[in-house]
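Beneath this line is the structure, given in structure tokens, with notes to follow.
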Amino acid sequence: METLYHHVADQVESLIRDGVFRDGERLPGVRVLSRQLGVSVATVLQAHQTLEGRGLLEPRERSGYFVRRPPVDAPEPAMSAQDVRPVPVTLRDMAMDLCSDEEKRMVPLATAVPHPDYLPIRQIQQASIWAARRGLESLDYAFPGKSAFRRQIAQRMAALGVAVSPDEILATNGAQEAGSPDAGRAGFAGAP
């Protein structure tokens, strides 16, 4: 059985495919479509998200939803027959390959050094000032994480429908600590 929002998404998609709404054009507002189609605003929003997933719409902040050019069904590329033999590859080789992408096809997220233009400098400064005013308490960490922090995580989990007690939450200083076989023991390295 097809849901109502899928039906609305199919209607809007057929309007796009028929050229009623063209690439780059703004769709009528959510409330307008809700009245025109006789459905709720929530149904129209869900239909828009479905169309976004299909690659037909793109939301623009404070502007609404815009039509994207429908994806073209391209034939699958043919595989070239090559005599490739396996060679040993180390993790270091793979990391170096990723970091030295000469064609700049990838953003070097593995290097942990973001480009300065993408850093929220003002927010970092404000957070640093806030931490300095709070004193050493904000710079200290405790195993398995501060109780107030774990309580706040439990509250956010409860808001998402996941019942978890703060005592069941383990906050580590990073992924390496979390993956450590000693992470569950009270005396593991790095604990205050």
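As shown in the structure tokens, the chain order sets the letters A, B, ...; within each chain, residues go from 1, and ligands are also counted from 1 in the order they appear.
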### Task
Tell me, as a ChimeraX atom specification, which residues lie within 10 Å of His48 of chain A, counting only C-alpha atoms; anything in the same chain fewer than 5 positions away does not count.
/A:5-6,8-9,12-13,30,42-43,53-54,56-59,65
Those residues with N, CA, C and O atoms, as a PDB file, in the first residue's frame please?
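Result file selection-v2.pdb:
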ATOM      1  N   TYR A   5       2.260  10.427   1.280  1.00  0.00           N
ATOM      2  CA  TYR A   5       3.361  11.292   0.850  1.00  0.00           C
ATOM      3  C   TYR A   5       4.065  10.747  -0.388  1.00  0.00           C
ATOM      4  O   TYR A   5       4.572  11.510  -1.202  1.00  0.00           O
ATOM      5  N   HIS A   6       4.087   9.393  -0.554  1.00  0.00           N
ATOM      6  CA  HIS A   6       4.653   8.839  -1.791  1.00  0.00           C
ATOM      7  C   HIS A   6       3.775   9.219  -2.981  1.00  0.00           C
ATOM      8  O   HIS A   6       4.286   9.525  -4.073  1.00  0.00           O
ATOM      9  N   VAL A   8       1.930  11.936  -3.217  1.00  0.00           N
ATOM     10  CA  VAL A   8       2.189  13.362  -3.488  1.00  0.00           C
ATOM     11  C   VAL A   8       3.538  13.521  -4.198  1.00  0.00           C
ATOM     12  O   VAL A   8       3.651  14.277  -5.164  1.00  0.00           O
ATOM     13  N   ALA A   9       4.548  12.778  -3.744  1.00  0.00           N
ATOM     14  CA  ALA A   9       5.871  12.848  -4.385  1.00  0.00           C
ATOM     15  C   ALA A   9       5.774  12.420  -5.843  1.00  0.00           C
ATOM     16  O   ALA A   9       6.385  13.051  -6.721  1.00  0.00           O
ATOM     17  N   VAL A  12       4.200  15.283  -7.892  1.00  0.00           N
ATOM     18  CA  VAL A  12       5.141  16.385  -8.149  1.00  0.00           C
ATOM     19  C   VAL A  12       6.218  15.930  -9.132  1.00  0.00           C
ATOM     20  O   VAL A  12       6.613  16.684 -10.028  1.00  0.00           O
ATOM     21  N   GLU A  13       6.674  14.686  -9.004  1.00  0.00           N
ATOM     22  CA  GLU A  13       7.678  14.172  -9.933  1.00  0.00           C
ATOM     23  C   GLU A  13       7.149  14.166 -11.354  1.00  0.00           C
ATOM     24  O   GLU A  13       7.860  14.535 -12.294  1.00  0.00           O
ATOM     25  N   VAL A  30       5.331  25.294   0.482  1.00  0.00           N
ATOM     26  CA  VAL A  30       4.787  24.091   1.108  1.00  0.00           C
ATOM     27  C   VAL A  30       3.314  24.284   1.454  1.00  0.00           C
ATOM     28  O   VAL A  30       2.487  23.403   1.208  1.00  0.00           O
ATOM     29  N   ALA A  42       2.848  18.621   6.696  1.00  0.00           N
ATOM     30  CA  ALA A  42       3.805  17.558   7.016  1.00  0.00           C
ATOM     31  C   ALA A  42       3.918  16.551   5.875  1.00  0.00           C
ATOM     32  O   ALA A  42       5.002  16.063   5.562  1.00  0.00           O
ATOM     33  N   THR A  43       2.779  16.253   5.228  1.00  0.00           N
ATOM     34  CA  THR A  43       2.798  15.313   4.097  1.00  0.00           C
ATOM     35  C   THR A  43       3.591  15.895   2.934  1.00  0.00           C
ATOM     36  O   THR A  43       4.382  15.196   2.293  1.00  0.00           O
ATOM     37  N   GLY A  53      15.593  12.735  -2.007  1.00  0.00           N
ATOM     38  CA  GLY A  53      16.291  11.456  -2.071  1.00  0.00           C
ATOM     39  C   GLY A  53      16.374  10.909  -3.482  1.00  0.00           C
ATOM     40  O   GLY A  53      17.325  10.220  -3.843  1.00  0.00           O
ATOM     41  N   ARG A  54      15.381  11.219  -4.293  1.00  0.00           N
ATOM     42  CA  ARG A  54      15.388  10.781  -5.687  1.00  0.00           C
ATOM     43  C   ARG A  54      16.260  11.688  -6.556  1.00  0.00           C
ATOM     44  O   ARG A  54      16.439  11.441  -7.748  1.00  0.00           O
ATOM     45  N   LEU A  56      15.604  14.907  -7.299  1.00  0.00           N
ATOM     46  CA  LEU A  56      14.817  15.817  -8.133  1.00  0.00           C
ATOM     47  C   LEU A  56      14.637  17.197  -7.513  1.00  0.00           C
ATOM     48  O   LEU A  56      14.295  18.143  -8.219  1.00  0.00           O
ATOM     49  N   LEU A  57      14.805  17.317  -6.210  1.00  0.00           N
ATOM     50  CA  LEU A  57      14.646  18.607  -5.537  1.00  0.00           C
ATOM     51  C   LEU A  57      15.874  18.912  -4.712  1.00  0.00           C
ATOM     52  O   LEU A  57      16.566  18.012  -4.246  1.00  0.00           O
ATOM     53  N   GLU A  58      16.102  20.204  -4.513  1.00  0.00           N
ATOM     54  CA  GLU A  58      17.156  20.627  -3.600  1.00  0.00           C
ATOM     55  C   GLU A  58      16.614  21.787  -2.770  1.00  0.00           C
ATOM     56  O   GLU A  58      16.046  22.736  -3.317  1.00  0.00           O
ATOM     57  N   PRO A  59      16.742  21.685  -1.443  1.00  0.00           N
ATOM     58  CA  PRO A  59      16.271  22.786  -0.591  1.00  0.00           C
ATOM     59  C   PRO A  59      17.320  23.889  -0.541  1.00  0.00           C
ATOM     60  O   PRO A  59      18.518  23.622  -0.568  1.00  0.00           O
ATOM     61  N   TYR A  65      12.124  25.062  -2.050  1.00  0.00           N
ATOM     62  CA  TYR A  65      12.634  23.894  -2.771  1.00  0.00           C
ATOM     63  C   TYR A  65      12.737  24.215  -4.251  1.00  0.00           C
ATOM     64  O   TYR A  65      11.829  24.820  -4.825  1.00  0.00           O
TER      65      TYR A  65
END
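The neighbours of Pro166 of chain A here are the residues that come within 7 Å of it, using only C-alpha atoms and leaving out any residue fewer than 6 positions away in the same chain; they are A:Arg150, A:Arg151, A:Ala154.
Checking A:Ile169, A:Leu91, A:Ile124, A:Val67 one by one against Phe21 of chain A, counting only C-alpha atoms, you find the shortest gap at A:Val67.
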### Task
Find the residues around Val44 of chain A up to 12 Å (only C-alpha atoms counted), leave out those fewer than 2 positions away in its own chain, and share them as a VMD selection string.
chain A and resid 4 to 12 27 to 42 46 to 51 65
### Query
Using only C-alpha atoms, which residues sit within 12 Å of Glu168 of chain A once same-chain residues fewer than 4 positions away are excluded, as a list in words?
Pro144, Gly145, Ser147, Arg150, Arg151, Ile153, Ala154, Met157, Ala163, Val164 and Gly184 of chain A
Next, the residues of the selection above should be written as a compact mmCIF listing (two decimals), in the first residue's frame with C-alpha atoms.
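Result saved to out_3.txt:
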# COMPACT_ATOMS: atom_id res chain seq x y z
CA PRO A 144 34.07 7.29 32.55
CA GLY A 145 33.24 10.94 31.83
CA SER A 147 28.46 12.79 35.51
CA ARG A 150 26.78 11.71 30.84
CA ARG A 151 23.44 12.87 32.31
CA ILE A 153 23.74 12.63 26.88
CA ALA A 154 21.15 10.41 28.60
CA MET A 157 18.99 9.94 24.09
CA ALA A 163 16.13 4.91 27.44
CA VAL A 164 19.64 4.79 28.83
CA GLY A 184 36.32 -1.03 30.86
